[in-house]
Every structure is written in C-alpha cells, then in structure tokens.
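Here the structure comes first, spelled out in structure tokens, and everything after it is commentary.
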Amino acid sequence: MPSDDTPFLRHLRHCNTAIVPGARAPFSLGGMPAGWVAPELAEALKQRGLGSRTQGFSLPNPADLESLGEDLAQDGLYRSHHELFDVMPDIDQPVLGQIDRGALPLFGLIGIGVHLNGLVQKADGLYLWTGRRAANKRLDPGKLDHLVAGGVPAGHTPWDALLKEAAEEASIPQDLARQAQQVGRIVYALDRPEGLRRDCLYCYDLFLPESFTPIAADGEVESFHLMPLGEVYTLVRDTDAFKFNVNLVLIDLFLRNGLIDPHSAEGRQLRDGLNHGLSAASPGHKAALGPVNA
C-alpha cells in the first residue's frame, strides 16, 4: 500500500489497479476503440481472423459480438451468465452491440451497474440497510453488500434496472422504489481474476420507512441488517468486510453526508477519484482507449 494512502483511499486504489495495455491488446468494435483483449483470449480471436496481439483485434460488424461471445463460452474461455449486456465504446456513447456479461472483462468492455443506499432516518441518526451476499455467489461470496445492486441488462436504462433489482433482491414495492434519487456516478478499472473490470456505477439514495423490512426474493442475499451509518463508516475505514465496489459507493455517501469532509484535501482527492477513476483505463478517462491498428 502506498505510504500516502488514507484508510478510504486504499479502497479506491484497490478498485483502480488496471494498467493498460500491459499484456493486453487493443480491441475495436465497428471501427471504434472499445476495450482491451485479455492474453488468454488472443489466440482464439487470432484463429477467427480478427487480428493479432501485435496489431490489435477488431470486429468490424458489432452485430457479430453476441455470437462471438457465445462461441467463446462454448470453447470454455469463460462461464456464461446467460444475460446480455449492452456494449458501448465509452460511457455516454451509443450502444454498438451486445454480449454476455461474463465476457465483458475478457474484452475489457465497459459494464454498467446500479447501487442503492437503502437509508432509514431515525431519531438517533441515519441508518443503512446492508445485505450479506449468499455463500454460493460467484463474486465475493459472504461479503457485505448494498440493499440493492446489480448490472444493467441489455435494453434497460439504469433506472429500469434499479426498479427490477429492488423488487427481485429486496421485495421493495415499485411505488416505494420509485422514490429513489440518483445521486452520482462512479467509475473505476481493476484487474480481477475474471479479467479487466471497467465499470460505471449509477448510485441512488432511497429513504425507507422504519416499518419497512426487506425480504430476499431471488436467493442472492443471505440476510439483511439495519446498521447505524457510523458503524458502516467504521467498517469501511478499518476492514474489507464489504464487496470491493460497495466501498466506493459508501465513500460517496460519507462525503455527501459529512462523515468525510468533502472540502478537505482527502475529501477532494476521494471525490475526484470516484468521479474519474484512478486508472487510465477507467470509463470516460481521456487516455483509456487509444487508436487501434487492426
């Protein structure tokens, strides 16, 4: 850990470990730079005539991306989630194609997600609903998580996905879920065992009545717990109890609620890191994608 890290900045560094190109080769989709191909994927793409590690890889017709992803799953290069995600060259740019969400990290393509802070205002302060991830989850089993969080499937907006996940993960009635307010957007890029994660998370706050109790409807959460926000602050500061990217959304919450002074040097550094990422591979970073010679 760099010596200048604060207890909170370490979480941002943990989520921004990606260095590009590194061992990866650039990937373009429909002539537009879009991602970075993992070394274990390079030979399979070369055999399909899509380029080389030295020259980069290119898929001229974005409509072919879905079938390419299916072929790679059948070849055992990744485990399909059987859920398509939209693929765009960068955030705030038009969708070019679709691919199974499990293939996104292999290509270093951007993934869009939503996270909801389920908040309860009590007489003694602010509380946050947390969930414990089921032990059979592929990613970070048993870690603490948000009340509602998930990816944005193909054809959905972040708002659509939020309402869908709110019902599926916590049994939040739609009229209550619709009171959620978007409060920000976080980006990061990190190396994970599954590949290069280049994620953009849309963050929401929802104030829930004290009478509300979430019920897990899809089996992805083992249990829910209502915790004082100060206790959540301590866990994020001192431990790695939460799923890796949940820490970033909570740091954003702490900044907005004054638990971390947003005007301090640390607060400004954290805010900039959340908004723009610390890795040059972060979505929206001006240096994230260069020209592709394929």
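Quick note on naming: the chains in the structure tokens go A, B, ... in the order shown, residues restart at 1 in each chain, and ligands are numbered from 1 in order of appearance.
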Could you list, as number ranges by chain, every residue within 8 Å of region 208-219 of chain A, counting only C-alpha atoms and ignoring same-chain residues fewer than 4 positions away? A: 118-122, 134, 167-172, 176, 223-224
Which residues of region 188-212 of chain A come within 12 Å of region 61-85 of chain A, and what is each one's closest atom pair and distance in Å (one decimal), counting only C-alpha atoms, sorted by chain and residue number, as a tab-separated table?
residue	atom	partner	partner_atom	distance
A:Pro193	CA	A:Tyr78	CA	11.2
A:Glu194	CA	A:Tyr78	CA	8.2
A:Gly195	CA	A:Tyr78	CA	10.0
For the selection you just gave me, I'd like the residues written to a file as a tab-separated table (two decimals), in the first residue's frame, keeping all heavy atoms.
chain	number	residue	atom	x	y	z
A	193	PRO	N	-9.71	-11.67	-11.19
A	193	PRO	CA	-9.49	-13.00	-11.77
A	193	PRO	C	-10.29	-13.23	-13.05
A	193	PRO	O	-9.83	-13.95	-13.94
A	193	PRO	CB	-9.96	-13.94	-10.65
A	193	PRO	CG	-9.73	-13.16	-9.40
A	193	PRO	CD	-10.04	-11.74	-9.75
A	194	GLU	N	-11.46	-12.58	-13.15
A	194	GLU	CA	-12.28	-12.77	-14.35
A	194	GLU	C	-11.86	-11.88	-15.51
A	194	GLU	O	-12.39	-11.99	-16.62
A	194	GLU	CB	-13.76	-12.53	-14.03
A	194	GLU	CG	-14.12	-11.13	-13.61
A	194	GLU	CD	-14.06	-10.90	-12.11
A	194	GLU	OE1	-13.36	-11.67	-11.41
A	194	GLU	OE2	-14.71	-9.94	-11.63
A	195	GLY	N	-10.89	-10.97	-15.29
A	195	GLY	CA	-10.41	-10.13	-16.38
A	195	GLY	C	-10.34	-8.67	-15.96
A	195	GLY	O	-10.19	-8.34	-14.78
In region 80-131 of chain A, what's helix (DSSP H, G or I) per DSSP? Answer as a ChimeraX atom specification? /A:101-107
Please produce a file of the residues just selected, as a JSON list (two decimals), in the first residue's frame, where the atoms kept are all heavy atoms.
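selection25.json written:
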[["chain", "number", "residue", "atom", "x", "y", "z"],
["A", 101, "ARG", "N", -22.67, -10.91, -20.16],
["A", 101, "ARG", "CA", -21.97, -10.10, -19.16],
["A", 101, "ARG", "C", -20.68, -10.76, -18.68],
["A", 101, "ARG", "O", -19.73, -10.07, -18.31],
["A", 101, "ARG", "CB", -22.88, -9.81, -17.97],
["A", 101, "ARG", "CG", -23.21, -10.99, -17.09],
["A", 101, "ARG", "CD", -24.12, -10.61, -15.92],
["A", 101, "ARG", "NE", -23.48, -9.63, -15.04],
["A", 101, "ARG", "CZ", -24.08, -9.12, -13.96],
["A", 101, "ARG", "NH1", -25.32, -9.46, -13.66],
["A", 101, "ARG", "NH2", -23.43, -8.26, -13.20],
["A", 102, "GLY", "N", -20.61, -12.08, -18.73],
["A", 102, "GLY", "CA", -19.41, -12.77, -18.30],
["A", 102, "GLY", "C", -18.22, -12.54, -19.21],
["A", 102, "GLY", "O", -17.07, -12.74, -18.81],
["A", 103, "ALA", "N", -18.49, -12.11, -20.46],
["A", 103, "ALA", "CA", -17.42, -11.87, -21.43],
["A", 103, "ALA", "C", -16.87, -10.45, -21.37],
["A", 103, "ALA", "O", -15.80, -10.18, -21.92],
["A", 103, "ALA", "CB", -17.90, -12.17, -22.84],
["A", 104, "LEU", "N", -17.57, -9.54, -20.71],
["A", 104, "LEU", "CA", -17.13, -8.14, -20.67],
["A", 104, "LEU", "C", -15.69, -8.00, -20.19],
["A", 104, "LEU", "O", -14.89, -7.30, -20.83],
["A", 104, "LEU", "CB", -18.06, -7.31, -19.79],
["A", 104, "LEU", "CG", -19.49, -7.07, -20.31],
["A", 104, "LEU", "CD1", -20.31, -6.37, -19.23],
["A", 104, "LEU", "CD2", -19.49, -6.25, -21.58],
["A", 105, "PRO", "N", -15.29, -8.64, -19.07],
["A", 105, "PRO", "CA", -13.92, -8.45, -18.60],
["A", 105, "PRO", "C", -12.86, -9.03, -19.54],
["A", 105, "PRO", "O", -11.73, -8.53, -19.56],
["A", 105, "PRO", "CB", -13.90, -9.18, -17.25],
["A", 105, "PRO", "CG", -15.33, -9.29, -16.84],
["A", 105, "PRO", "CD", -16.08, -9.45, -18.12],
["A", 106, "LEU", "N", -13.21, -10.09, -20.29],
["A", 106, "LEU", "CA", -12.22, -10.66, -21.22],
["A", 106, "LEU", "C", -11.85, -9.68, -22.31],
["A", 106, "LEU", "O", -10.72, -9.66, -22.79],
["A", 106, "LEU", "CB", -12.78, -11.94, -21.84],
["A", 106, "LEU", "CG", -12.85, -13.18, -20.95],
["A", 106, "LEU", "CD1", -13.47, -14.34, -21.71],
["A", 106, "LEU", "CD2", -11.46, -13.55, -20.45],
["A", 107, "PHE", "N", -12.81, -8.86, -22.71],
["A", 107, "PHE", "CA", -12.57, -7.85, -23.74],
["A", 107, "PHE", "C", -12.24, -6.48, -23.13],
["A", 107, "PHE", "O", -11.98, -5.53, -23.87],
["A", 107, "PHE", "CB", -13.80, -7.70, -24.64],
["A", 107, "PHE", "CG", -14.02, -8.84, -25.58],
["A", 107, "PHE", "CD1", -14.80, -9.92, -25.22],
["A", 107, "PHE", "CD2", -13.44, -8.85, -26.85],
["A", 107, "PHE", "CE1", -15.02, -10.98, -26.10],
["A", 107, "PHE", "CE2", -13.65, -9.89, -27.74],
["A", 107, "PHE", "CZ", -14.44, -10.96, -27.37]]
How many Å lie between CA of Pro39 (chain A) and CA of Phe27 (chain A), rounded to one decimal? 12.0 Å
Restricting to only C-alpha atoms, whichever of A:Leu190, A:Leu248, A:Leu206, A:Gly97 is closest to Asp175 (chain A) is A:Leu206
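When CA of Leu253 (chain A) is paired with CA of Ala154 (chain A), their separation reads 27.8 Å.
For the choices A:Pro94, A:Pro283, A:Gly258, A:Pro26, the atom-to-atom distance to Ile112 (chain A) is smallest for A:Pro283 when using only C-alpha atoms.
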I'd like to know which residues of region 44-115 of chain A are strand (DSSP E) (by DSSP, run on the backbone); could you write them as a PyMOL selection string? chain A and resi 51-52+56-59+84-87+97-100+110-115
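For the atom pair formed by CA of Thr54 (chain A) and CA of Gln98 (chain A), the distance is 25.8 Å, given to one decimal.
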List the neighbours of Arg132 (chain A) out to 6 Å using only C-alpha atoms; skip same-chain residues closer than 4 positions along the sequence, and give me the result as number ranges by chain. A: 142-145, 221-223
Exercise: Asn275 (chain A) partners within 9 Å, only C-alpha atoms, chain neighbours under 3 positions left out, as an mmCIF file with C-alpha atoms, in the first residue's frame:
data_model
loop_
_atom_site.group_PDB
_atom_site.id
_atom_site.type_symbol
_atom_site.label_atom_id
_atom_site.label_comp_id
_atom_site.auth_asym_id
_atom_site.auth_seq_id
_atom_site.Cartn_x
_atom_site.Cartn_y
_atom_site.Cartn_z
ATOM 1 C CA GLY A 184 -23.984 10.287 -8.648
ATOM 2 C CA ARG A 185 -21.958 8.081 -10.938
ATOM 3 C CA ILE A 186 -18.712 6.280 -10.087
ATOM 4 C CA VAL A 187 -16.102 4.794 -12.436
ATOM 5 C CA TYR A 188 -13.125 2.517 -11.897
ATOM 6 C CA LEU A 270 -11.629 10.921 -2.939
ATOM 7 C CA ARG A 271 -14.292 12.823 -4.901
ATOM 8 C CA ASP A 272 -12.047 13.187 -7.931
#
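Of the listed residues (A:Ile251, A:Asp5, A:Asn245, A:Leu147), A:Asn245 comes nearest to Asp199 (chain A); the distances count only C-alpha atoms.
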